[in-house]
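Colleague: Here you go, entry38.cif (mmCIF, C-alpha atoms):
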```cif
data_my_file
#
loop_
_atom_site.label_atom_id
_atom_site.label_comp_id
_atom_site.auth_asym_id
_atom_site.auth_seq_id
_atom_site.Cartn_x
_atom_site.Cartn_y
_atom_site.Cartn_z
CA MET A 29 -44.68 80.00 -54.48
CA ASN A 30 -43.70 81.56 -57.78
CA ILE A 31 -45.35 84.98 -57.81
CA LYS A 32 -44.55 85.29 -61.51
CA ASP A 33 -47.15 82.62 -62.26
CA PHE A 34 -49.73 85.30 -61.52
CA PHE A 35 -48.06 88.72 -61.54
CA ASN A 36 -45.63 90.38 -63.93
CA ILE A 37 -42.86 91.47 -61.60
CA ASP A 38 -39.30 92.04 -62.75
CA ASP A 39 -36.87 89.30 -61.70
CA ARG A 40 -34.50 91.91 -60.29
CA ILE A 41 -37.20 93.21 -57.94
CA LEU A 42 -37.90 89.66 -56.78
CA GLU A 43 -34.24 89.08 -56.02
CA ILE A 44 -34.04 92.28 -53.99
CA ALA A 45 -37.27 91.26 -52.25
CA LYS A 46 -35.68 88.00 -51.06
CA ALA A 47 -32.86 89.96 -49.47
CA ALA A 48 -35.32 92.46 -47.98
CA GLU A 49 -37.40 89.69 -46.42
CA ASN A 50 -34.24 88.28 -44.87
CA ASP A 51 -33.44 91.77 -43.55
CA ALA A 52 -36.82 91.82 -41.82
CA CYS A 53 -36.71 88.33 -40.28
CA ASP A 54 -35.95 89.56 -36.75
CA ASP A 55 -38.88 91.99 -36.97
CA PHE A 56 -41.11 89.13 -38.08
CA LYS A 57 -40.17 87.00 -35.07
CA LEU A 58 -41.04 89.80 -32.64
CA ILE A 59 -44.30 90.53 -34.46
CA GLU A 60 -45.35 86.87 -34.30
CA LYS A 61 -44.49 86.67 -30.59
CA THR A 62 -46.65 89.73 -29.84
CA ALA A 63 -49.52 88.34 -31.92
CA ALA A 64 -49.43 85.07 -29.98
CA TYR A 65 -49.68 86.93 -26.68
CA ASN A 66 -52.50 89.18 -27.85
CA GLY A 67 -54.37 86.29 -29.43
CA ALA A 68 -54.33 84.47 -26.11
CA LYS A 69 -55.48 87.62 -24.32
CA VAL A 70 -58.46 88.08 -26.65
CA LEU A 71 -59.42 84.39 -26.43
CA ALA A 72 -59.40 84.62 -22.64
CA ALA A 73 -61.64 87.71 -22.77
CA PHE A 74 -64.16 85.83 -24.95
CA GLN A 75 -64.21 82.89 -22.57
CA LYS A 76 -64.41 84.99 -19.42
CA ASN A 77 -67.48 86.79 -20.75
CA ARG A 78 -69.23 83.61 -21.89
CA VAL A 79 -69.68 84.64 -25.50
CA SER A 80 -72.18 82.31 -27.15
CA GLU A 81 -74.19 82.12 -30.37
CA PRO A 82 -77.16 84.11 -29.00
CA CYS A 83 -74.72 87.04 -28.64
CA PHE A 84 -74.59 87.19 -32.45
CA TYR A 85 -78.33 87.61 -33.03
CA GLY A 86 -78.56 91.35 -32.46
CA SER A 87 -81.61 93.44 -31.73
CA THR A 88 -83.94 96.00 -33.31
CA GLY A 89 -85.73 99.12 -32.19
CA TYR A 90 -84.50 100.45 -28.87
CA GLY A 91 -82.16 97.52 -28.37
CA TYR A 92 -83.07 96.93 -24.73
CA GLY A 93 -81.37 93.90 -23.20
CA ASP A 94 -79.07 93.21 -26.14
CA MET A 95 -76.84 90.53 -24.57
CA GLY A 96 -74.39 90.54 -27.48
CA ARG A 97 -73.85 94.28 -27.32
CA ASP A 98 -73.20 94.15 -23.59
CA ALA A 99 -70.88 91.13 -23.89
CA LEU A 100 -68.90 92.81 -26.67
CA ASP A 101 -68.35 95.85 -24.46
CA ARG A 102 -66.99 93.60 -21.71
CA VAL A 103 -64.72 91.68 -24.11
CA PHE A 104 -63.14 94.90 -25.37
CA ALA A 105 -62.77 96.24 -21.83
CA ASP A 106 -61.05 93.09 -20.58
CA ALA A 107 -58.72 92.79 -23.58
CA PHE A 108 -57.70 96.44 -23.26
CA GLY A 109 -57.34 96.40 -19.47
CA ALA A 110 -60.16 98.93 -19.05
CA GLU A 111 -63.07 99.22 -16.63
CA ASP A 112 -65.68 99.55 -19.36
CA ALA A 113 -66.11 99.98 -23.11
CA LEU A 114 -68.60 101.33 -25.62
CA VAL A 115 -68.40 99.36 -28.89
CA ARG A 116 -70.95 100.37 -31.52
CA HIS A 117 -71.47 99.90 -35.23
CA ASN A 118 -72.97 103.40 -35.49
CA PHE A 119 -69.65 105.11 -34.90
CA VAL A 120 -69.10 106.11 -38.52
CA SER A 121 -65.33 106.58 -38.21
CA GLY A 122 -62.50 106.95 -35.76
CA THR A 123 -62.92 110.73 -35.95
CA HIS A 124 -66.59 110.33 -35.02
CA ALA A 125 -65.72 108.20 -31.99
CA LEU A 126 -63.09 110.76 -30.93
CA THR A 127 -65.62 113.56 -31.36
CA VAL A 128 -68.17 111.73 -29.20
CA ALA A 129 -65.54 111.27 -26.50
CA LEU A 130 -64.43 114.91 -26.59
CA PHE A 131 -67.96 116.30 -26.50
CA GLY A 132 -68.96 113.73 -23.91
CA ILE A 133 -66.25 114.76 -21.46
CA LEU A 134 -65.54 118.45 -22.11
CA ARG A 135 -67.82 121.30 -21.00
CA THR A 136 -67.96 125.05 -21.55
CA GLY A 137 -64.96 126.69 -19.93
CA ASP A 138 -62.86 123.53 -20.00
CA LYS A 139 -59.44 123.33 -21.61
CA MET A 140 -58.09 120.57 -23.81
CA VAL A 141 -54.34 120.30 -24.36
CA SER A 142 -52.89 118.10 -27.08
CA ILE A 143 -49.50 117.01 -25.76
CA THR A 144 -48.38 115.45 -29.04
CA GLY A 145 -48.59 118.55 -31.21
CA LYS A 146 -51.42 119.30 -33.61
CA PRO A 147 -53.84 116.38 -34.01
CA TYR A 148 -54.82 114.64 -37.22
CA ASP A 149 -56.27 116.82 -39.99
CA THR A 150 -59.87 115.62 -39.65
CA LEU A 151 -60.06 116.82 -36.02
CA GLU A 152 -59.17 120.44 -36.81
CA GLU A 153 -62.73 121.53 -37.51
CA VAL A 154 -64.03 119.51 -34.55
CA LEU A 155 -61.68 121.45 -32.29
CA GLY A 156 -62.39 124.75 -34.04
CA ILE A 157 -58.80 125.49 -35.02
CA SER A 158 -59.92 125.57 -38.65
CA GLY A 159 -63.23 125.85 -40.48
CA LYS A 160 -66.10 128.26 -39.91
CA SER A 161 -67.27 129.49 -36.54
CA GLY A 162 -70.82 128.56 -35.69
CA ASP A 163 -70.67 125.04 -37.12
CA GLY A 164 -70.70 123.45 -33.67
CA SER A 165 -67.03 122.94 -32.92
CA LEU A 166 -65.69 122.62 -29.39
CA LYS A 167 -64.52 126.22 -29.70
CA ASP A 168 -68.10 127.30 -30.44
CA TYR A 169 -69.11 125.68 -27.17
CA GLY A 170 -66.48 127.56 -25.21
CA VAL A 171 -63.84 124.84 -24.94
CA GLU A 172 -60.28 126.16 -25.05
CA TYR A 173 -57.64 124.36 -27.10
CA ALA A 174 -53.87 124.43 -26.59
CA GLN A 175 -51.02 122.16 -27.57
CA VAL A 176 -47.55 121.15 -26.48
CA ASP A 177 -45.35 120.94 -29.54
CA LEU A 178 -43.08 118.00 -30.12
CA LEU A 179 -39.30 118.16 -30.06
CA SER A 180 -37.48 118.49 -33.36
CA ASP A 181 -37.07 114.71 -33.61
CA GLY A 182 -40.82 114.15 -33.27
CA THR A 183 -40.68 112.82 -29.72
CA PRO A 184 -42.73 114.25 -26.82
CA ASP A 185 -41.36 117.17 -24.87
CA TYR A 186 -41.85 115.64 -21.44
CA ASP A 187 -40.66 118.70 -19.52
CA ALA A 188 -43.01 121.00 -21.46
CA ILE A 189 -45.91 118.60 -20.88
CA VAL A 190 -45.64 119.09 -17.11
CA ASP A 191 -46.29 122.83 -17.43
CA GLY A 192 -48.51 122.63 -20.51
CA VAL A 193 -51.27 120.55 -18.91
CA LYS A 194 -51.79 122.82 -15.93
CA GLY A 195 -55.45 123.81 -15.83
CA ALA A 196 -56.45 121.28 -18.51
CA LYS A 197 -59.52 119.07 -18.22
CA VAL A 198 -58.24 116.74 -20.96
CA ALA A 199 -54.66 115.91 -21.91
CA TYR A 200 -54.88 114.47 -25.42
CA ILE A 201 -52.43 112.05 -27.02
CA GLN A 202 -52.39 110.93 -30.64
CA ARG A 203 -50.62 107.59 -30.73
CA SER A 204 -50.18 107.33 -34.49
CA ARG A 205 -48.28 109.80 -36.65
CA GLY A 206 -51.01 111.17 -38.92
CA TYR A 207 -49.54 112.84 -41.99
CA SER A 208 -46.16 113.45 -40.38
CA LEU A 209 -42.85 111.63 -40.17
CA ARG A 210 -42.66 111.61 -36.41
CA PRO A 211 -42.67 108.16 -34.82
CA ALA A 212 -45.81 106.51 -33.53
CA TYR A 213 -45.55 106.28 -29.78
CA THR A 214 -44.62 103.10 -27.99
CA MET A 215 -46.09 102.04 -24.68
CA ALA A 216 -42.83 102.98 -22.96
CA GLN A 217 -43.26 106.53 -24.28
CA MET A 218 -46.95 106.43 -23.39
CA ARG A 219 -46.05 105.66 -19.80
CA LYS A 220 -43.61 108.59 -19.69
CA MET A 221 -46.21 110.94 -21.15
CA THR A 222 -48.89 109.92 -18.67
CA GLU A 223 -46.43 110.31 -15.82
CA ALA A 224 -45.57 113.82 -17.01
CA VAL A 225 -49.28 114.70 -17.16
CA ARG A 226 -49.86 113.38 -13.64
CA LYS A 227 -46.91 115.40 -12.38
CA GLY A 228 -48.25 118.62 -13.89
CA ASN A 229 -51.96 118.04 -13.33
CA PRO A 230 -53.07 114.98 -11.33
CA ASP A 231 -56.73 115.66 -12.15
CA ALA A 232 -56.38 115.78 -15.93
CA ILE A 233 -58.21 113.15 -17.94
CA ILE A 234 -55.72 111.46 -20.27
CA MET A 235 -57.38 110.64 -23.58
CA VAL A 236 -55.62 108.67 -26.32
CA ASP A 237 -56.45 108.42 -30.00
CA ASN A 238 -55.52 104.75 -30.30
CA CYS A 239 -56.21 104.40 -34.03
CA TYR A 240 -53.70 102.18 -35.88
CA GLY A 241 -52.10 101.10 -32.60
CA GLU A 242 -54.23 98.29 -31.16
CA PHE A 243 -52.36 95.00 -30.64
CA VAL A 244 -49.06 96.36 -31.96
CA GLU A 245 -47.65 95.76 -28.48
CA GLU A 246 -48.72 93.49 -25.65
CA THR A 247 -50.40 96.29 -23.69
CA GLU A 248 -52.61 99.27 -24.56
CA PRO A 249 -52.54 102.89 -23.30
CA THR A 250 -55.21 102.08 -20.69
CA GLN A 251 -52.63 99.77 -19.13
CA ASN A 252 -50.00 102.50 -19.22
CA GLY A 253 -51.67 105.39 -17.44
CA ALA A 254 -54.35 106.57 -19.88
CA ASP A 255 -57.91 107.10 -18.66
CA ILE A 256 -59.70 106.56 -21.95
CA ILE A 257 -58.83 105.33 -25.45
CA ILE A 258 -60.70 105.58 -28.73
CA GLY A 259 -60.40 103.73 -32.02
CA SER A 260 -62.05 102.56 -35.23
CA LEU A 261 -63.26 99.08 -36.14
CA ILE A 262 -62.25 99.46 -39.78
CA LYS A 263 -58.69 99.73 -38.57
CA ASN A 264 -56.90 97.27 -36.27
CA ALA A 265 -59.65 96.35 -33.84
CA GLY A 266 -62.09 95.17 -36.51
CA GLY A 267 -59.70 92.57 -37.89
CA GLY A 268 -60.64 93.27 -41.50
CA ILE A 269 -64.12 91.86 -40.88
CA ALA A 270 -66.15 94.62 -39.17
CA ARG A 271 -67.70 96.78 -41.88
CA THR A 272 -68.03 99.88 -39.72
CA GLY A 273 -67.94 101.01 -36.12
CA GLY A 274 -65.67 102.19 -33.37
CA TYR A 275 -65.00 101.87 -29.67
CA ILE A 276 -64.32 103.92 -26.56
CA ALA A 277 -62.73 102.15 -23.58
CA GLY A 278 -61.47 103.26 -20.21
CA LYS A 279 -62.75 104.35 -16.83
CA LYS A 280 -66.39 103.48 -16.30
CA GLU A 281 -67.55 106.99 -15.41
CA LEU A 282 -65.93 108.44 -18.55
CA VAL A 283 -67.34 105.74 -20.82
CA GLU A 284 -70.78 106.50 -19.40
CA LYS A 285 -70.44 110.20 -20.26
CA CYS A 286 -69.48 109.24 -23.80
CA ALA A 287 -72.47 106.92 -24.03
CA PHE A 288 -74.73 109.77 -22.92
CA ARG A 289 -73.33 111.83 -25.80
CA LEU A 290 -73.76 109.03 -28.36
CA THR A 291 -77.38 108.35 -27.41
CA CYS A 292 -78.91 110.60 -24.76
CA VAL A 293 -78.44 111.48 -21.12
CA GLY A 294 -80.07 108.95 -18.84
CA MET A 295 -80.10 106.14 -21.40
CA GLY A 296 -76.52 105.86 -22.57
CA LYS A 297 -75.40 102.25 -23.10
CA GLU A 298 -78.83 100.79 -22.33
CA VAL A 299 -80.19 101.61 -25.77
CA GLY A 300 -79.02 101.18 -29.33
CA CYS A 301 -79.98 98.19 -31.42
CA THR A 302 -77.22 96.18 -33.08
CA LEU A 303 -79.24 94.82 -36.04
CA ASP A 304 -77.09 92.07 -37.57
CA MET A 305 -73.71 93.58 -36.72
CA ASN A 306 -72.71 91.77 -33.53
CA ARG A 307 -71.25 88.65 -35.12
CA GLU A 308 -68.82 90.48 -37.38
CA MET A 309 -67.65 92.78 -34.59
CA PHE A 310 -66.97 89.77 -32.36
CA LEU A 311 -65.30 87.84 -35.17
CA GLY A 312 -63.24 90.81 -36.31
CA PHE A 313 -61.95 91.46 -32.80
CA PHE A 314 -61.07 87.78 -32.44
CA HIS A 315 -59.03 87.91 -35.65
CA ALA A 316 -57.51 91.31 -34.89
CA PRO A 317 -54.20 90.25 -33.25
CA GLU A 318 -53.26 88.04 -36.21
CA CYS A 319 -54.53 90.58 -38.73
CA VAL A 320 -52.42 93.31 -37.10
CA ALA A 321 -49.40 91.00 -37.24
CA ASN A 322 -49.85 90.60 -41.00
CA ALA A 323 -50.10 94.36 -41.42
CA LEU A 324 -46.93 94.85 -39.37
CA LYS A 325 -45.06 92.26 -41.41
CA THR A 326 -46.19 93.98 -44.61
CA ALA A 327 -44.94 97.31 -43.24
CA SER A 328 -41.61 95.83 -42.19
CA PHE A 329 -41.13 94.20 -45.60
CA ALA A 330 -41.94 97.50 -47.34
CA ALA A 331 -39.36 99.30 -45.20
CA ALA A 332 -36.72 96.70 -45.98
CA LEU A 333 -37.45 96.72 -49.72
CA PHE A 334 -37.70 100.46 -50.27
CA SER A 335 -34.66 101.15 -48.10
CA ARG A 336 -32.75 99.01 -50.58
CA PHE A 337 -34.10 101.25 -53.35
CA GLY A 338 -32.62 104.27 -51.57
CA PHE A 339 -35.74 105.75 -49.94
CA GLU A 340 -36.01 106.79 -46.30
CA CYS A 341 -38.53 104.72 -44.38
CA TYR A 342 -40.15 105.48 -41.01
CA PRO A 343 -39.81 103.29 -39.05
CA ASN A 344 -37.05 101.30 -40.64
CA ILE A 345 -36.44 97.63 -39.94
CA GLY A 346 -35.21 96.96 -36.43
CA GLU A 347 -36.90 100.06 -35.03
CA LYS A 348 -39.65 99.83 -32.44
CA ARG A 349 -43.12 100.19 -33.94
CA GLY A 350 -46.03 101.95 -32.26
CA ASP A 351 -48.59 101.47 -35.04
CA ILE A 352 -49.17 99.65 -38.33
CA VAL A 353 -48.27 102.62 -40.51
CA GLU A 354 -45.16 102.75 -42.70
CA ALA A 355 -44.12 106.16 -44.01
CA ILE A 356 -41.87 106.14 -47.09
CA CYS A 357 -40.32 109.38 -48.33
CA LEU A 358 -40.65 109.15 -52.09
CA LYS A 359 -39.02 112.53 -52.86
CA ASN A 360 -41.46 113.82 -55.50
CA ASP A 361 -45.06 113.68 -56.67
CA LYS A 362 -44.37 111.31 -59.60
CA ASN A 363 -42.89 108.67 -57.31
CA LEU A 364 -45.72 109.10 -54.85
CA ILE A 365 -48.48 108.75 -57.45
CA ALA A 366 -46.80 105.74 -59.09
CA PHE A 367 -46.39 104.01 -55.73
CA CYS A 368 -50.09 104.43 -54.89
CA GLN A 369 -51.13 103.27 -58.34
CA GLY A 370 -48.97 100.18 -57.91
CA ILE A 371 -50.51 99.40 -54.53
CA GLN A 372 -53.93 99.65 -56.17
CA THR A 373 -52.99 97.06 -58.79
CA GLY A 374 -52.24 94.62 -55.98
CA SER A 375 -55.64 95.01 -54.36
CA PRO A 376 -58.29 92.27 -54.40
CA ILE A 377 -61.00 94.86 -55.11
CA ASP A 378 -60.83 97.53 -57.85
CA ALA A 379 -57.35 96.49 -58.94
CA HIS A 380 -58.23 97.89 -62.39
CA VAL A 381 -58.89 101.39 -61.00
CA VAL A 382 -56.19 104.06 -61.34
CA PRO A 383 -56.13 106.40 -58.30
CA GLU A 384 -55.53 110.10 -58.90
CA PRO A 385 -55.06 113.04 -56.50
CA TRP A 386 -58.30 114.79 -55.48
CA ASP A 387 -59.71 117.38 -53.09
CA MET A 388 -60.75 115.18 -50.18
CA PRO A 389 -63.13 116.63 -47.53
CA GLY A 390 -61.37 117.46 -44.27
CA TYR A 391 -57.90 117.88 -45.82
CA THR A 392 -56.06 121.04 -46.81
CA SER A 393 -54.03 119.51 -49.68
CA GLN A 394 -54.98 117.24 -52.54
CA VAL A 395 -54.81 113.61 -51.44
CA ILE A 396 -54.17 110.42 -53.37
CA MET A 397 -55.48 107.19 -51.93
CA ALA A 398 -54.98 103.59 -53.00
CA ALA A 399 -57.43 101.29 -51.30
CA GLY A 400 -58.93 98.32 -53.07
CA ALA A 401 -60.65 97.05 -49.97
CA PHE A 402 -63.64 94.87 -49.09
CA THR A 403 -64.70 97.68 -46.73
CA MET A 404 -64.47 101.25 -48.01
CA GLY A 405 -61.69 103.13 -46.23
CA ALA A 406 -60.59 100.14 -44.16
CA SER A 407 -57.04 100.99 -43.13
CA ILE A 408 -56.34 97.48 -41.88
CA GLU A 409 -56.62 96.30 -45.47
CA LEU A 410 -53.64 97.25 -47.63
CA SER A 411 -53.87 100.92 -48.50
CA ALA A 412 -51.59 103.84 -49.16
CA ASP A 413 -52.41 107.52 -49.07
CA ALA A 414 -50.70 110.86 -48.97
CA PRO A 415 -51.28 114.56 -49.40
CA LEU A 416 -49.40 115.99 -52.38
CA ARG A 417 -47.05 118.22 -50.44
CA GLU A 418 -43.54 118.13 -49.06
CA PRO A 419 -41.90 115.81 -48.15
CA TYR A 420 -43.89 113.67 -50.65
CA ALA A 421 -44.11 110.80 -48.22
CA VAL A 422 -46.66 108.05 -48.61
CA TRP A 423 -48.31 106.49 -45.58
CA MET A 424 -48.94 102.82 -46.16
CA GLN A 425 -50.85 100.59 -43.78
CA GLY A 426 -52.63 97.29 -43.58
CA GLY A 427 -52.46 93.89 -45.18
CA VAL A 428 -54.95 91.41 -43.75
CA THR A 429 -52.77 88.62 -45.15
CA TYR A 430 -49.01 88.89 -45.51
CA THR A 431 -49.11 87.27 -48.94
CA SER A 432 -51.42 89.90 -50.40
CA GLY A 433 -49.63 92.72 -48.58
CA LYS A 434 -46.25 91.64 -49.89
CA ILE A 435 -47.55 91.39 -53.47
CA GLY A 436 -49.03 94.87 -53.21
CA VAL A 437 -45.67 96.28 -52.12
CA LEU A 438 -43.90 94.46 -54.95
CA LEU A 439 -46.35 95.83 -57.51
CA ALA A 440 -45.76 99.35 -56.19
CA ALA A 441 -42.05 98.86 -56.90
CA GLN A 442 -42.88 97.38 -60.31
CA LYS A 443 -45.03 100.38 -61.27
CA MET A 444 -42.20 102.76 -60.33
CA LEU A 445 -39.71 100.68 -62.32
CA GLU A 446 -41.95 100.70 -65.39
CA GLN A 447 -42.10 104.49 -65.25
CA GLY A 448 -38.33 104.79 -64.91
CA LEU A 449 -38.57 106.16 -61.39
CA ILE A 450 -36.26 103.62 -59.75
CA THR A 451 -33.12 101.99 -61.11
CA LEU A 452 -31.89 98.51 -60.27
#
```
Give the structure from this file in structure tokens form.
Modeller:
Amino acid sequence: MNIKDFFNIDDRILEIAKAAENDACDDFKLIEKTAAYNGAKVLAAFQKNRVSEPCFYGSTGYGYGDMGRDALDRVFADAFGAEDALVRHNFVSGTHALTVALFGILRTGDKMVSITGKPYDTLEEVLGISGKSGDGSLKDYGVEYAQVDLLSDGTPDYDAIVDGVKGAKVAYIQRSRGYSLRPAYTMAQMRKMTEAVRKGNPDAIIMVDNCYGEFVEETEPTQNGADIIIGSLIKNAGGGIARTGGYIAGKKELVEKCAFRLTCVGMGKEVGCTLDMNREMFLGFFHAPECVANALKTASFAAALFSRFGFECYPNIGEKRGDIVEAICLKNDKNLIAFCQGIQTGSPIDAHVVPEPWDMPGYTSQVIMAAGAFTMGASIELSADAPLREPYAVWMQGGVTYTSGKIGVLLAAQKMLEQGLITL
């Protein structure tokens, strides 16, 4: 394929890209091996649970006896090695699903301890560590929050976790990095964290924000000591097809409590119509392992390319990945804005739009976001976003096809070159 038949990209960038793709070839082989395993796992879960066309029809009203909804829960549970799952289109975001889980499990007088430092920005007001009192945060309901800070290299402080979780009802883990440069956590690290929690407090419920991490490895946190995991369907688990939704998976009794919070006590999972959403949630989950692989390949290629331009990339090629996110330190706001604008020009939707920094709800700094996606805010589709603050890093994720993801990354480099921000 000659990309220049369709896109104006400098020949020098294309030459560097060839070398970068060669740099990433070992990463690609591992990514494809993992995708093959996870694809087989998901296929087996579909077959085990006898998914058939009537599962796609959906329901209205109360949603009693929705066979597709119930089968989808079982498919997710089996694929994630969990006892049960709650998969619903009316989770409006990953943060919403996390909030349902937290309020479903925690009670007045309970303590939640985040063992991976401060959670993602959008959870701060949910927890009550920012925002106004009286708005209905966990703090307003008498839930205590504490955290175990990470070590200076961004890894968990396993020794501190043992003491930090004493007296906690929930030990909370954020798998992905959020707006930080610390690494996303691998399943080997997840196992060590859950073991540290069990040593300090055998009764603690281990909850994992699994957003951006599904199918990156061959196992999930529920298979490495976690009691419950939560994620979004417009990220990895929706495969670029689900238009909305989220999931909660884990121990049956905990999933039931979350279902009581989502609907009402006594009804839980038995109600909730699916309208016409079942088919795309099934199809998205079926495609998810391959879709995640394409996103990971896009991230690895971006790391290889921008490392050659002299920028620090996290993770770099050859490093173990725990999520689909690639953080690139772009050194200043001009580089950051140009990068995002270049990513936008490579999008299938709204490629003509020029993103600018703005005051985004839930964030303390102005944020710039590039996301020309079929589904608004879908992080599994190629996107890049960042708060305009030190260290001026951009967090790039997604790429439902490697071809489109690679072109987006190349156009980001081209935009920076045109503005004189990189030299070749």
Colleague: To verify the selection step, state as an NGL selection string which residues the PyMOL selection byres ((chain A and resi 283) around 10) yields on this input.
Modeller: :A and (111-114 or 129 or 132-133 or 255-257 or 275-282 or 284-289 or 296-297)
Colleague: How would you write, as an mmCIF file with C-alpha atoms, in the coordinates of the input, the residues chosen by the PyMOL selection byres ((chain A and resi 268) around 12) on this structure?
Modeller:
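Result written to out.cif:
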```
data_model
loop_
_atom_site.group_PDB
_atom_site.id
_atom_site.type_symbol
_atom_site.label_atom_id
_atom_site.label_comp_id
_atom_site.auth_asym_id
_atom_site.auth_seq_id
_atom_site.Cartn_x
_atom_site.Cartn_y
_atom_site.Cartn_z
ATOM 1 C CA SER A 260 -62.050 102.560 -35.230
ATOM 2 C CA LEU A 261 -63.260 99.080 -36.140
ATOM 3 C CA ILE A 262 -62.250 99.460 -39.780
ATOM 4 C CA LYS A 263 -58.690 99.730 -38.570
ATOM 5 C CA ASN A 264 -56.900 97.270 -36.270
ATOM 6 C CA ALA A 265 -59.650 96.350 -33.840
ATOM 7 C CA GLY A 266 -62.090 95.170 -36.510
ATOM 8 C CA GLY A 267 -59.700 92.570 -37.890
ATOM 9 C CA ILE A 269 -64.120 91.860 -40.880
ATOM 10 C CA ALA A 270 -66.150 94.620 -39.170
ATOM 11 C CA ARG A 271 -67.700 96.780 -41.880
ATOM 12 C CA THR A 272 -68.030 99.880 -39.720
ATOM 13 C CA GLY A 273 -67.940 101.010 -36.120
ATOM 14 C CA GLU A 308 -68.820 90.480 -37.380
ATOM 15 C CA MET A 309 -67.650 92.780 -34.590
ATOM 16 C CA PHE A 310 -66.970 89.770 -32.360
ATOM 17 C CA LEU A 311 -65.300 87.840 -35.170
ATOM 18 C CA GLY A 312 -63.240 90.810 -36.310
ATOM 19 C CA PHE A 313 -61.950 91.460 -32.800
ATOM 20 C CA PHE A 314 -61.070 87.780 -32.440
ATOM 21 C CA HIS A 315 -59.030 87.910 -35.650
ATOM 22 C CA ALA A 316 -57.510 91.310 -34.890
ATOM 23 C CA PRO A 317 -54.200 90.250 -33.250
ATOM 24 C CA GLU A 318 -53.260 88.040 -36.210
ATOM 25 C CA CYS A 319 -54.530 90.580 -38.730
ATOM 26 C CA VAL A 320 -52.420 93.310 -37.100
ATOM 27 C CA ASN A 322 -49.850 90.600 -41.000
ATOM 28 C CA ALA A 323 -50.100 94.360 -41.420
ATOM 29 C CA ALA A 401 -60.650 97.050 -49.970
ATOM 30 C CA PHE A 402 -63.640 94.870 -49.090
ATOM 31 C CA THR A 403 -64.700 97.680 -46.730
ATOM 32 C CA MET A 404 -64.470 101.250 -48.010
ATOM 33 C CA GLY A 405 -61.690 103.130 -46.230
ATOM 34 C CA ALA A 406 -60.590 100.140 -44.160
ATOM 35 C CA SER A 407 -57.040 100.990 -43.130
ATOM 36 C CA ILE A 408 -56.340 97.480 -41.880
ATOM 37 C CA GLU A 409 -56.620 96.300 -45.470
ATOM 38 C CA LEU A 410 -53.640 97.250 -47.630
ATOM 39 C CA GLY A 426 -52.630 97.290 -43.580
ATOM 40 C CA GLY A 427 -52.460 93.890 -45.180
ATOM 41 C CA VAL A 428 -54.950 91.410 -43.750
ATOM 42 C CA THR A 429 -52.770 88.620 -45.150
#
```
Colleague: Mind telling me what the PyMOL selection byres ((chain A and resi 117) around 7) catches here, as a PyMOL selection string?
Modeller: chain A and resi 116+118-119+272-274+305
Colleague: Find the residue from A:Ala212, A:Val299, A:Ala398, A:Ile234 that sits nearest to Tyr342 (chain A); use all atoms listed in the file when measuring.
Modeller: A:Ala212
Colleague: Just give me the gap between CA of Phe329 (chain A) and CA of Ile258 (chain A) in Å, one decimal is fine.
Modeller: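 The value is 28.2 Å.
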Colleague: Would you please work out which residue, of A:Val382, A:Ala64, A:Met140, A:Leu364, is nearest to Ala414 (chain A) when using all atoms listed in the file?
Modeller: A:Leu364
Colleague: Smallest atom-to-atom distance to Ser80 (chain A): which of A:Gly96, A:Asp185, A:Thr123, A:Ala254, using all atoms listed in the file?
Modeller: A:Gly96
Colleague: Using only C-alpha atoms for the distances, tell me which of A:Glu49, A:Asp231, A:Asp237, A:Asp39 is nearest to Ser328 (chain A).
Modeller: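 Nearest to Ser328 (chain A): A:Glu49.
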